[in-house]
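To be precise, the following lines are coords-v3.txt, and they hold compact mmCIF, C-alpha atoms and all ligand atoms.
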# COMPACT_ATOMS: atom_id res chain seq x y z
CA MET A 4 -0.32 -19.67 12.31
CA ALA A 5 -2.95 -17.31 13.73
CA GLU A 6 -5.32 -15.47 11.38
CA LEU A 7 -4.00 -11.94 10.89
CA ASN A 8 -6.05 -9.41 8.93
CA LEU A 9 -3.75 -6.44 8.45
CA ILE A 10 -3.87 -3.02 6.78
CA LEU A 11 -0.81 -0.98 5.82
CA LEU A 12 -1.82 2.68 5.93
CA GLY A 13 0.27 5.75 5.13
CA PRO A 14 0.97 8.54 2.67
CA PRO A 15 2.27 7.87 -0.84
CA GLY A 16 5.91 6.88 -0.70
CA SER A 17 5.98 6.15 3.04
CA GLY A 18 7.16 2.60 2.32
CA LYS A 19 3.95 0.53 2.30
CA GLY A 20 4.97 -1.41 -0.82
CA THR A 21 8.53 -1.97 0.39
CA GLN A 22 7.34 -3.25 3.75
CA GLY A 23 4.33 -5.11 2.32
CA GLU A 24 6.60 -7.21 0.12
CA ARG A 25 8.78 -8.17 3.11
CA LEU A 26 5.76 -8.87 5.31
CA GLN A 27 4.27 -11.14 2.68
CA GLU A 28 7.49 -13.18 2.59
CA ASP A 29 7.27 -13.58 6.38
CA LEU A 30 3.56 -14.36 6.66
CA GLU A 31 2.68 -15.92 3.29
CA PHE A 32 -0.83 -14.40 3.41
CA PRO A 33 -2.32 -12.90 0.25
CA TYR A 34 -1.05 -9.35 -0.22
CA TYR A 35 -3.46 -6.98 -1.96
CA ALA A 36 -1.90 -3.68 -3.05
CA THR A 37 -4.67 -1.77 -4.81
CA GLY A 38 -2.21 0.45 -6.71
CA ASP A 39 -0.49 -2.68 -8.16
CA ILE A 40 -3.86 -4.26 -8.98
CA LEU A 41 -4.98 -1.10 -10.81
CA ARG A 42 -1.67 -0.71 -12.70
CA ALA A 43 -1.96 -4.34 -13.86
CA ALA A 44 -5.55 -3.64 -15.03
CA VAL A 45 -4.35 -0.55 -16.96
CA LYS A 46 -1.59 -2.63 -18.60
CA GLU A 47 -4.05 -5.37 -19.57
CA GLY A 48 -6.55 -2.80 -20.89
CA THR A 49 -9.49 -4.18 -18.86
CA GLU A 50 -12.67 -2.11 -18.23
CA VAL A 51 -11.47 -1.37 -14.68
CA GLY A 52 -8.08 -0.30 -16.05
CA LYS A 53 -9.66 2.00 -18.63
CA ALA A 54 -11.88 3.57 -15.94
CA ALA A 55 -8.98 3.98 -13.48
CA LYS A 56 -6.23 5.31 -15.74
CA GLU A 57 -7.27 8.98 -15.97
CA TYR A 58 -7.72 9.23 -12.19
CA MET A 59 -4.34 7.61 -11.52
CA ASP A 60 -2.48 9.77 -14.04
CA ARG A 61 -3.85 12.91 -12.34
CA GLY A 62 -3.04 11.59 -8.87
CA ASP A 63 -6.73 11.44 -7.93
CA LEU A 64 -8.32 8.51 -6.14
CA VAL A 65 -10.37 6.18 -8.34
CA PRO A 66 -14.07 6.08 -7.39
CA ASP A 67 -14.88 4.12 -4.23
CA GLU A 68 -17.29 1.73 -5.96
CA VAL A 69 -14.56 0.54 -8.38
CA ILE A 70 -12.02 -0.26 -5.70
CA ILE A 71 -14.45 -1.64 -3.10
CA GLY A 72 -15.64 -4.24 -5.65
CA ILE A 73 -12.05 -5.33 -6.36
CA ILE A 74 -11.28 -6.03 -2.69
CA ALA A 75 -14.70 -7.54 -1.92
CA ASP A 76 -14.17 -10.10 -4.73
CA ARG A 77 -10.84 -11.16 -3.24
CA LEU A 78 -12.19 -11.49 0.29
CA GLU A 79 -15.14 -13.54 -0.98
CA SER A 80 -12.90 -15.83 -3.05
CA GLY A 81 -11.73 -17.82 -0.02
CA GLU A 82 -8.02 -17.31 -0.80
CA ALA A 83 -7.67 -14.87 2.13
CA ASP A 84 -9.59 -16.93 4.68
CA HIS A 85 -6.52 -17.39 6.91
CA GLY A 86 -5.40 -13.77 6.77
CA PHE A 87 -4.48 -10.93 4.44
CA ILE A 88 -2.33 -7.83 4.08
CA LEU A 89 -4.01 -4.80 2.49
CA ASP A 90 -1.80 -2.01 1.10
CA GLY A 91 -3.42 1.19 -0.15
CA PHE A 92 -6.95 0.10 0.78
CA PRO A 93 -9.01 1.52 2.39
CA ARG A 94 -8.17 5.09 1.43
CA THR A 95 -11.43 6.87 2.27
CA VAL A 96 -13.92 6.59 5.12
CA PRO A 97 -16.60 5.02 2.82
CA GLN A 98 -14.01 2.38 1.76
CA ALA A 99 -13.21 1.66 5.45
CA GLU A 100 -16.92 1.33 6.24
CA ALA A 101 -17.44 -1.00 3.28
CA LEU A 102 -14.51 -3.17 4.45
CA ASP A 103 -15.90 -3.33 8.02
CA SER A 104 -19.26 -4.37 6.70
CA LYS A 105 -17.83 -7.02 4.32
CA LEU A 106 -15.72 -8.52 7.14
CA THR A 107 -18.73 -8.56 9.49
CA ASP A 108 -20.75 -10.41 6.81
CA LEU A 109 -17.93 -12.96 6.61
CA GLY A 110 -17.80 -13.28 10.43
CA ARG A 111 -14.32 -11.78 10.54
CA ALA A 112 -12.62 -8.63 11.84
CA LEU A 113 -9.46 -6.61 11.32
CA THR A 114 -6.53 -7.53 13.56
CA ALA A 115 -4.54 -4.29 13.23
CA VAL A 116 -3.79 -1.25 11.12
CA ILE A 117 -0.10 -0.40 10.71
CA LEU A 118 0.40 3.28 9.96
CA ILE A 119 3.78 3.94 8.28
CA ASP A 120 4.27 7.67 8.44
CA ALA A 121 6.72 10.05 6.77
CA ASP A 122 6.66 13.81 6.18
CA ASP A 123 5.86 15.46 2.83
CA GLU A 124 9.43 16.61 2.12
CA GLU A 125 10.83 13.09 2.60
CA ILE A 126 8.07 11.68 0.38
CA VAL A 127 8.90 13.98 -2.54
CA ARG A 128 12.58 12.94 -2.22
CA ARG A 129 11.68 9.26 -2.18
CA LEU A 130 9.23 9.28 -5.06
CA SER A 131 11.50 11.28 -7.35
CA GLY A 132 14.11 8.50 -7.01
CA ARG A 133 11.80 5.49 -7.05
CA ARG A 134 12.21 2.87 -9.79
CA VAL A 135 9.82 -0.05 -10.26
CA CYS A 136 10.29 -3.32 -12.15
CA GLN A 137 8.17 -3.94 -15.26
CA GLU A 138 7.53 -7.59 -14.46
CA LYS A 139 6.30 -7.79 -10.85
CA GLY A 140 6.48 -4.24 -9.46
CA HIS A 141 9.52 -4.79 -7.19
CA VAL A 142 10.48 -1.40 -5.76
CA TYR A 143 13.92 0.33 -5.69
CA HIS A 144 15.34 3.77 -5.02
CA VAL A 145 18.30 5.15 -6.93
CA GLU A 146 19.93 6.32 -3.69
CA PHE A 147 18.31 4.56 -0.69
CA ASN A 148 17.76 1.08 -2.16
CA PRO A 149 19.58 0.75 -5.51
CA PRO A 150 19.53 -2.45 -7.59
CA ALA A 151 22.83 -4.31 -8.01
CA GLU A 152 22.85 -3.43 -11.71
CA ASP A 153 21.62 0.01 -12.79
CA GLY A 154 18.10 -0.11 -14.29
CA VAL A 155 17.65 -3.89 -13.81
CA CYS A 156 15.50 -5.73 -11.22
CA ASP A 157 17.57 -7.91 -8.83
CA VAL A 158 14.73 -10.43 -8.51
CA ASP A 159 13.55 -11.09 -12.07
CA GLY A 160 16.00 -9.19 -14.30
CA SER A 161 13.27 -7.03 -15.86
CA GLU A 162 13.79 -3.38 -16.77
CA LEU A 163 13.10 -0.71 -14.14
CA TYR A 164 10.88 2.31 -14.96
CA THR A 165 9.67 5.53 -13.33
CA ARG A 166 5.92 5.59 -12.59
CA ASP A 167 3.93 8.30 -14.46
CA ASP A 168 2.40 9.47 -11.18
CA ASP A 169 5.85 10.03 -9.61
CA LYS A 170 6.23 13.33 -11.52
CA PRO A 171 6.66 16.13 -8.92
CA GLU A 172 3.37 17.94 -9.74
CA VAL A 173 1.39 14.67 -9.54
CA VAL A 174 3.13 13.70 -6.27
CA ARG A 175 2.04 17.04 -4.76
CA HIS A 176 -1.56 16.35 -5.79
CA ARG A 177 -1.42 12.80 -4.38
CA LEU A 178 -0.22 14.24 -1.08
CA GLU A 179 -3.16 16.71 -1.03
CA GLN A 180 -5.53 13.82 -1.70
CA TYR A 181 -3.93 11.84 1.14
CA HIS A 182 -4.28 14.65 3.68
CA GLU A 183 -7.87 15.40 2.66
CA LYS A 184 -9.33 11.92 2.11
CA THR A 185 -7.10 9.26 3.68
CA ALA A 186 -5.63 10.89 6.81
CA PRO A 187 -9.10 10.85 8.52
CA LEU A 188 -8.69 7.05 8.68
CA VAL A 189 -6.01 7.52 11.34
CA ASP A 190 -8.70 8.69 13.78
CA TYR A 191 -11.21 6.18 12.41
CA TYR A 192 -8.95 3.26 13.36
CA LYS A 193 -7.62 4.89 16.53
CA LYS A 194 -11.20 5.00 17.82
CA GLN A 195 -11.52 1.26 17.09
CA GLY A 196 -8.28 0.59 19.04
CA LEU A 197 -6.63 -0.88 15.92
CA LEU A 198 -3.98 1.72 15.08
CA ASN A 199 -0.24 0.98 15.47
CA GLN A 200 2.14 3.69 14.27
CA VAL A 201 5.64 3.01 12.90
CA ASP A 202 8.05 5.81 12.03
CA GLY A 203 8.62 5.41 8.29
CA ALA A 204 11.50 7.90 8.35
CA ASP A 205 13.84 5.23 9.73
CA ASP A 206 15.87 3.17 7.27
CA PRO A 207 13.91 0.31 5.59
CA ASP A 208 15.52 -2.51 7.65
CA ARG A 209 14.76 -0.75 10.92
CA VAL A 210 11.14 -0.19 9.82
CA SER A 211 10.88 -3.92 8.94
CA GLU A 212 12.27 -4.87 12.34
CA LYS A 213 9.64 -2.80 14.14
CA ILE A 214 6.84 -4.24 12.00
CA ARG A 215 8.10 -7.81 12.61
CA THR A 216 8.10 -7.21 16.38
CA LEU A 217 4.57 -5.83 16.22
CA VAL A 218 3.32 -8.73 14.07
CA SER A 219 4.90 -11.31 16.43
CA THR A 220 3.03 -9.74 19.34
CA LEU A 221 -0.22 -9.75 17.37
CA SER A 222 0.31 -13.43 16.42
CA LEU A 223 0.77 -14.37 20.07
CA GLU A 224 -2.36 -12.44 21.06
CA GLU A 225 -4.44 -14.03 18.28
CA GLY A 226 -2.94 -17.52 18.56
P1 LIG A 301 -0.49 3.29 -4.92
O1 LIG A 301 0.33 2.52 -5.87
O2 LIG A 301 -1.09 2.59 -3.76
O3 LIG A 301 0.36 4.54 -4.46
P2 LIG A 301 0.59 5.22 -3.03
O4 LIG A 301 -0.28 4.89 -1.90
O5 LIG A 301 0.60 6.63 -3.42
O6 LIG A 301 1.85 4.58 -2.53
P3 LIG A 301 3.17 4.38 -3.27
O7 LIG A 301 3.13 3.11 -4.05
O8 LIG A 301 3.50 5.63 -4.07
O9 LIG A 301 4.21 4.35 -2.10
P4 LIG A 301 4.53 3.28 -0.96
O10 LIG A 301 4.03 3.76 0.36
O11 LIG A 301 4.11 1.91 -1.39
O12 LIG A 301 6.10 3.44 -0.93
P5 LIG A 301 7.25 2.50 -1.55
O13 LIG A 301 7.44 1.32 -0.68
O14 LIG A 301 7.03 2.29 -3.01
O15 LIG A 301 -1.70 4.00 -5.68
C1 LIG A 301 -1.51 4.64 -6.94
C2 LIG A 301 -2.84 5.23 -7.40
O16 LIG A 301 -3.84 4.19 -7.53
C3 LIG A 301 -3.49 6.24 -6.46
O17 LIG A 301 -2.97 7.55 -6.63
C4 LIG A 301 -4.95 6.14 -6.88
O18 LIG A 301 -5.20 6.82 -8.09
C5 LIG A 301 -5.12 4.66 -7.14
N1 LIG A 301 -5.57 3.91 -5.95
C6 LIG A 301 -4.89 2.91 -5.32
N2 LIG A 301 -5.59 2.46 -4.27
C7 LIG A 301 -6.74 3.18 -4.23
C8 LIG A 301 -7.86 3.20 -3.37
N3 LIG A 301 -7.95 2.36 -2.31
N4 LIG A 301 -8.85 4.08 -3.61
C9 LIG A 301 -8.80 4.91 -4.66
N5 LIG A 301 -7.75 4.97 -5.52
C10 LIG A 301 -6.72 4.10 -5.30
O19 LIG A 301 8.50 3.49 -1.31
C11 LIG A 301 8.66 4.68 -2.07
C12 LIG A 301 10.17 4.89 -2.40
O20 LIG A 301 10.88 5.12 -1.18
C13 LIG A 301 10.84 3.66 -3.06
O21 LIG A 301 11.77 4.11 -3.98
C14 LIG A 301 11.52 2.93 -1.88
O22 LIG A 301 12.66 2.20 -2.31
C15 LIG A 301 11.89 4.09 -0.96
N6 LIG A 301 11.78 3.75 0.46
C16 LIG A 301 10.86 2.96 1.07
N7 LIG A 301 11.06 2.92 2.41
C17 LIG A 301 12.13 3.73 2.65
C18 LIG A 301 12.83 4.13 3.84
N8 LIG A 301 12.43 3.67 5.04
N9 LIG A 301 13.85 4.99 3.72
C19 LIG A 301 14.26 5.47 2.48
N10 LIG A 301 13.64 5.11 1.32
C20 LIG A 301 12.58 4.27 1.40
Structure encoded using structure tokens:
Amino acid sequence: MAELNLILLGPPGSGKGTQGERLQEDLEFPYYATGDILRAAVKEGTEVGKAAKEYMDRGDLVPDEVIIGIIADRLESGEADHGFILDGFPRTVPQAEALDSKLTDLGRALTAVILIDADDEEIVRRLSGRRVCQEKGHVYHVEFNPPAEDGVCDVDGSELYTRDDDKPEVVRHRLEQYHEKTAPLVDYYKKQGLLNQVDGADDPDRVSEKIRTLVSTLSLEEG
């Protein structure tokens, strides 16, 4: 398989985690979702988790230097040498510049950025109904993607919970942060000719289909 170095970009709740999980099953590359990595660090009570928690609870971004180090370590580890899927990173222009520079040092480059977009109203609806599994972070929605048994993960049987930062007032703040700090990356990657936009308002299977088609084309081009 060709090396594919992919980024999933988009506002909170646009479906990056849902699609990232499916893409990982297809491609079997390491999948690095910075929100999941940080939540695991908070749960384990590590130094990174302690530093990140207050930012996450408020819906603010954690400082660039914390998150850049986390991704740099993974890229340097060798486990992502044949490709990777990044979800939720980069989220600021300095993070994007740090990623470019790390990849250049490693003699590598991004293959594509997949922007999954959805409007603010849809996002508030989605996040208010989201449920996440305690064990591995599998994602459900009470209406759009319900588990077979109420409150229980289909995959590992663990209990489902509502994320603290899915409270309506925190969701609004996360959206403000997205528009102010992350949306400029759309132009950043457009200028590099890397941006591919997918309409995240479609149903999840249709979004997956479009991403699969795009990834097949990229594989052929890279292969
Ligand atoms: P993170 O966990 O990355 O949150 P996010 O980007 O806000 O994204 P979400 O996980 O909320 O949404 P998603 O796009 O993955 O949507 P999902 O698939 O779950 O980050 C959390 C926090 O960590 C940040 O606020 C920040 O503090 C910190 N952080 C993380 N990375 C950072 C970084 N790089 N720099 C600084 N700080 C960082 O879907 C949402 C819901 O919709 C689900 O219920 C799902 O079932 C449903 N759904 C999905 N697709 C569809 C569809 N097509 N139609 C209908 N429903 C759908």
Give me the residues of segment 71-157 of chain A that have any atom at most 12 Å from an atom of segment 30-48 of chain A; for each, the nearest atom pair and the distance in Å, rounded to one decimal. Use only C-alpha atoms, sort by chain and number, and format it as a Markdown table.
| residue | atom | partner | partner_atom | distance |
| --- | --- | --- | --- | --- |
| A:Ile71 | CA | A:Thr37 | CA | 9.9 |
| A:Gly72 | CA | A:Thr37 | CA | 11.3 |
| A:Ile73 | CA | A:Thr37 | CA | 8.3 |
| A:Ile74 | CA | A:Tyr35 | CA | 7.9 |
| A:Ala75 | CA | A:Tyr35 | CA | 11.3 |
| A:Asp76 | CA | A:Tyr35 | CA | 11.5 |
| A:Arg77 | CA | A:Tyr35 | CA | 8.6 |
| A:Leu78 | CA | A:Pro33 | CA | 10.0 |
| A:Ser80 | CA | A:Pro33 | CA | 11.5 |
| A:Gly81 | CA | A:Pro33 | CA | 10.6 |
| A:Glu82 | CA | A:Pro33 | CA | 7.3 |
| A:Ala83 | CA | A:Pro33 | CA | 6.0 |
| A:Asp84 | CA | A:Phe32 | CA | 9.2 |
| A:His85 | CA | A:Phe32 | CA | 7.3 |
| A:Gly86 | CA | A:Phe32 | CA | 5.7 |
| A:Phe87 | CA | A:Pro33 | CA | 5.1 |
| A:Ile88 | CA | A:Tyr34 | CA | 4.7 |
| A:Leu89 | CA | A:Tyr35 | CA | 5.0 |
| A:Asp90 | CA | A:Ala36 | CA | 4.5 |
| A:Gly91 | CA | A:Thr37 | CA | 5.7 |
| A:Phe92 | CA | A:Thr37 | CA | 6.3 |
| A:Pro93 | CA | A:Thr37 | CA | 9.0 |
| A:Arg94 | CA | A:Thr37 | CA | 9.9 |
| A:Val135 | CA | A:Asp39 | CA | 10.8 |
| A:Cys136 | CA | A:Asp39 | CA | 11.5 |
| A:Gln137 | CA | A:Ala43 | CA | 10.2 |
| A:Glu138 | CA | A:Ala43 | CA | 10.0 |
| A:Lys139 | CA | A:Asp39 | CA | 8.9 |
| A:Gly140 | CA | A:Asp39 | CA | 7.3 |
| A:His141 | CA | A:Asp39 | CA | 10.3 |
| A:Val142 | CA | A:Asp39 | CA | 11.3 |
>> Under the rule that only C-alpha atoms are counted, which of A:Thr107, A:Glu225, A:Ile214, A:Glu146 is the nearest residue to Gln27 of chain A?
In response: A:Ile214
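Between Arg111 of chain A and the candidates A:Asp60, A:Val155, A:Ser161, A:Glu79, the tightest atom-to-atom separation, counting all atoms listed in the file, involves A:Glu79.
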>> Which residues are near His182 of chain A? Cut-off 12 Å, all atoms listed in the file, ignore same chain within fewer than 3 positions. Put them as a PyMOL selection string.
In response: chain A and resi 13-15+94-95+122-123+175-179+185-189
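Distance-wise, atom CA of Glu162 of chain A and atom CA of Tyr181 of chain A end up 29.4 Å apart.
In this structure, atom CA of His144 of chain A sits 24.8 Å away from atom CA of Tyr58 of chain A.
Candidate residues A:Leu102, A:Ile119, A:Val174, A:Ala5 were compared for distance to Thr21 of chain A, and the nearest is A:Ile119, using only C-alpha atoms.
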Quick one: 3 Å padding each side, axis-aligned, all listed atoms of ligand LIG 301 (chain A) - centre and edge lengths in Å to one decimal, as JSON?
{"center_x": 2.7, "center_y": 4.4, "center_z": -1.5, "size_x": 29.1, "size_y": 12.2, "size_z": 19.1}
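When atom CA of Gly203 of chain A is paired with atom CA of Glu124 of chain A, their separation reads 12.8 Å.
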Some atoms are missing, so please complete segment 17-47 of chain A with N, CA and C atoms and return it as an mmCIF file, keeping the file's coordinate frame.
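Contents of selection_8.cif, freshly written:
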data_model
loop_
_atom_site.group_PDB
_atom_site.id
_atom_site.type_symbol
_atom_site.label_atom_id
_atom_site.label_comp_id
_atom_site.auth_asym_id
_atom_site.auth_seq_id
_atom_site.Cartn_x
_atom_site.Cartn_y
_atom_site.Cartn_z
ATOM 1 N N SER A 17 5.511 6.332 1.655
ATOM 2 C CA SER A 17 5.980 6.150 3.040
ATOM 3 C C SER A 17 6.674 4.813 3.215
ATOM 4 N N GLY A 18 6.483 3.899 2.240
ATOM 5 C CA GLY A 18 7.160 2.600 2.320
ATOM 6 C C GLY A 18 6.207 1.431 2.452
ATOM 7 N N LYS A 19 4.936 1.626 2.157
ATOM 8 C CA LYS A 19 3.950 0.530 2.300
ATOM 9 C C LYS A 19 4.303 -0.638 1.385
ATOM 10 N N GLY A 20 4.644 -0.340 0.123
ATOM 11 C CA GLY A 20 4.970 -1.410 -0.820
ATOM 12 C C GLY A 20 6.237 -2.142 -0.423
ATOM 13 N N THR A 21 7.254 -1.381 -0.032
ATOM 14 C CA THR A 21 8.530 -1.970 0.390
ATOM 15 C C THR A 21 8.306 -2.913 1.564
ATOM 16 N N GLN A 22 7.561 -2.440 2.553
ATOM 17 C CA GLN A 22 7.340 -3.250 3.750
ATOM 18 C C GLN A 22 6.323 -4.367 3.494
ATOM 19 N N GLY A 23 5.350 -4.104 2.629
ATOM 20 C CA GLY A 23 4.330 -5.110 2.320
ATOM 21 C C GLY A 23 4.951 -6.341 1.699
ATOM 22 N N GLU A 24 5.909 -6.103 0.786
ATOM 23 C CA GLU A 24 6.600 -7.210 0.120
ATOM 24 C C GLU A 24 7.344 -8.079 1.143
ATOM 25 N N ARG A 25 8.021 -7.412 2.085
ATOM 26 C CA ARG A 25 8.780 -8.170 3.110
ATOM 27 C C ARG A 25 7.837 -8.924 4.040
ATOM 28 N N LEU A 26 6.727 -8.257 4.398
ATOM 29 C CA LEU A 26 5.760 -8.870 5.310
ATOM 30 C C LEU A 26 5.127 -10.104 4.671
ATOM 31 N N GLN A 27 4.872 -10.002 3.380
ATOM 32 C CA GLN A 27 4.270 -11.140 2.680
ATOM 33 C C GLN A 27 5.210 -12.342 2.699
ATOM 34 N N GLU A 28 6.520 -12.067 2.530
ATOM 35 C CA GLU A 28 7.490 -13.180 2.590
ATOM 36 C C GLU A 28 7.454 -13.847 3.956
ATOM 37 N N ASP A 29 7.297 -13.032 5.025
ATOM 38 C CA ASP A 29 7.270 -13.580 6.380
ATOM 39 C C ASP A 29 5.998 -14.371 6.643
ATOM 40 N N LEU A 30 4.851 -13.816 6.215
ATOM 41 C CA LEU A 30 3.560 -14.360 6.660
ATOM 42 C C LEU A 30 2.914 -15.310 5.649
ATOM 43 N N GLU A 31 3.258 -15.122 4.375
ATOM 44 C CA GLU A 31 2.680 -15.920 3.290
ATOM 45 C C GLU A 31 1.155 -15.811 3.194
ATOM 46 N N PHE A 32 0.591 -14.682 3.633
ATOM 47 C CA PHE A 32 -0.830 -14.400 3.410
ATOM 48 C C PHE A 32 -0.954 -13.673 2.078
ATOM 49 N N PRO A 33 -2.131 -13.714 1.448
ATOM 50 C CA PRO A 33 -2.320 -12.900 0.250
ATOM 51 C C PRO A 33 -2.068 -11.416 0.567
ATOM 52 N N TYR A 34 -1.410 -10.764 -0.376
ATOM 53 C CA TYR A 34 -1.050 -9.350 -0.220
ATOM 54 C C TYR A 34 -1.762 -8.586 -1.335
ATOM 55 N N TYR A 35 -2.675 -7.707 -0.956
ATOM 56 C CA TYR A 35 -3.460 -6.980 -1.960
ATOM 57 C C TYR A 35 -3.074 -5.501 -1.933
ATOM 58 N N ALA A 36 -2.293 -5.091 -2.925
ATOM 59 C CA ALA A 36 -1.900 -3.680 -3.050
ATOM 60 C C ALA A 36 -2.751 -3.095 -4.166
ATOM 61 N N THR A 37 -3.692 -2.215 -3.799
ATOM 62 C CA THR A 37 -4.670 -1.770 -4.810
ATOM 63 C C THR A 37 -3.991 -0.991 -5.942
ATOM 64 N N GLY A 38 -2.917 -0.250 -5.637
ATOM 65 C CA GLY A 38 -2.210 0.450 -6.710
ATOM 66 C C GLY A 38 -1.644 -0.541 -7.730
ATOM 67 N N ASP A 39 -1.045 -1.642 -7.255
ATOM 68 C CA ASP A 39 -0.490 -2.680 -8.160
ATOM 69 C C ASP A 39 -1.608 -3.335 -8.968
ATOM 70 N N ILE A 40 -2.725 -3.610 -8.291
ATOM 71 C CA ILE A 40 -3.860 -4.260 -8.980
ATOM 72 C C ILE A 40 -4.368 -3.346 -10.099
ATOM 73 N N LEU A 41 -4.476 -2.051 -9.789
ATOM 74 C CA LEU A 41 -4.980 -1.100 -10.810
ATOM 75 C C LEU A 41 -3.977 -0.935 -11.951
ATOM 76 N N ARG A 42 -2.675 -0.858 -11.622
ATOM 77 C CA ARG A 42 -1.670 -0.710 -12.700
ATOM 78 C C ARG A 42 -1.686 -1.936 -13.620
ATOM 79 N N ALA A 43 -1.890 -3.127 -13.023
ATOM 80 C CA ALA A 43 -1.960 -4.340 -13.860
ATOM 81 C C ALA A 43 -3.192 -4.266 -14.766
ATOM 82 N N ALA A 44 -4.313 -3.747 -14.232
ATOM 83 C CA ALA A 44 -5.550 -3.640 -15.030
ATOM 84 C C ALA A 44 -5.363 -2.638 -16.177
ATOM 85 N N VAL A 45 -4.624 -1.553 -15.906
ATOM 86 C CA VAL A 45 -4.350 -0.550 -16.960
ATOM 87 C C VAL A 45 -3.516 -1.222 -18.061
ATOM 88 N N LYS A 46 -2.495 -1.970 -17.649
ATOM 89 C CA LYS A 46 -1.590 -2.630 -18.600
ATOM 90 C C LYS A 46 -2.353 -3.636 -19.474
ATOM 91 N N GLU A 47 -3.281 -4.351 -18.833
ATOM 92 C CA GLU A 47 -4.050 -5.370 -19.570
ATOM 93 C C GLU A 47 -5.183 -4.756 -20.392
#
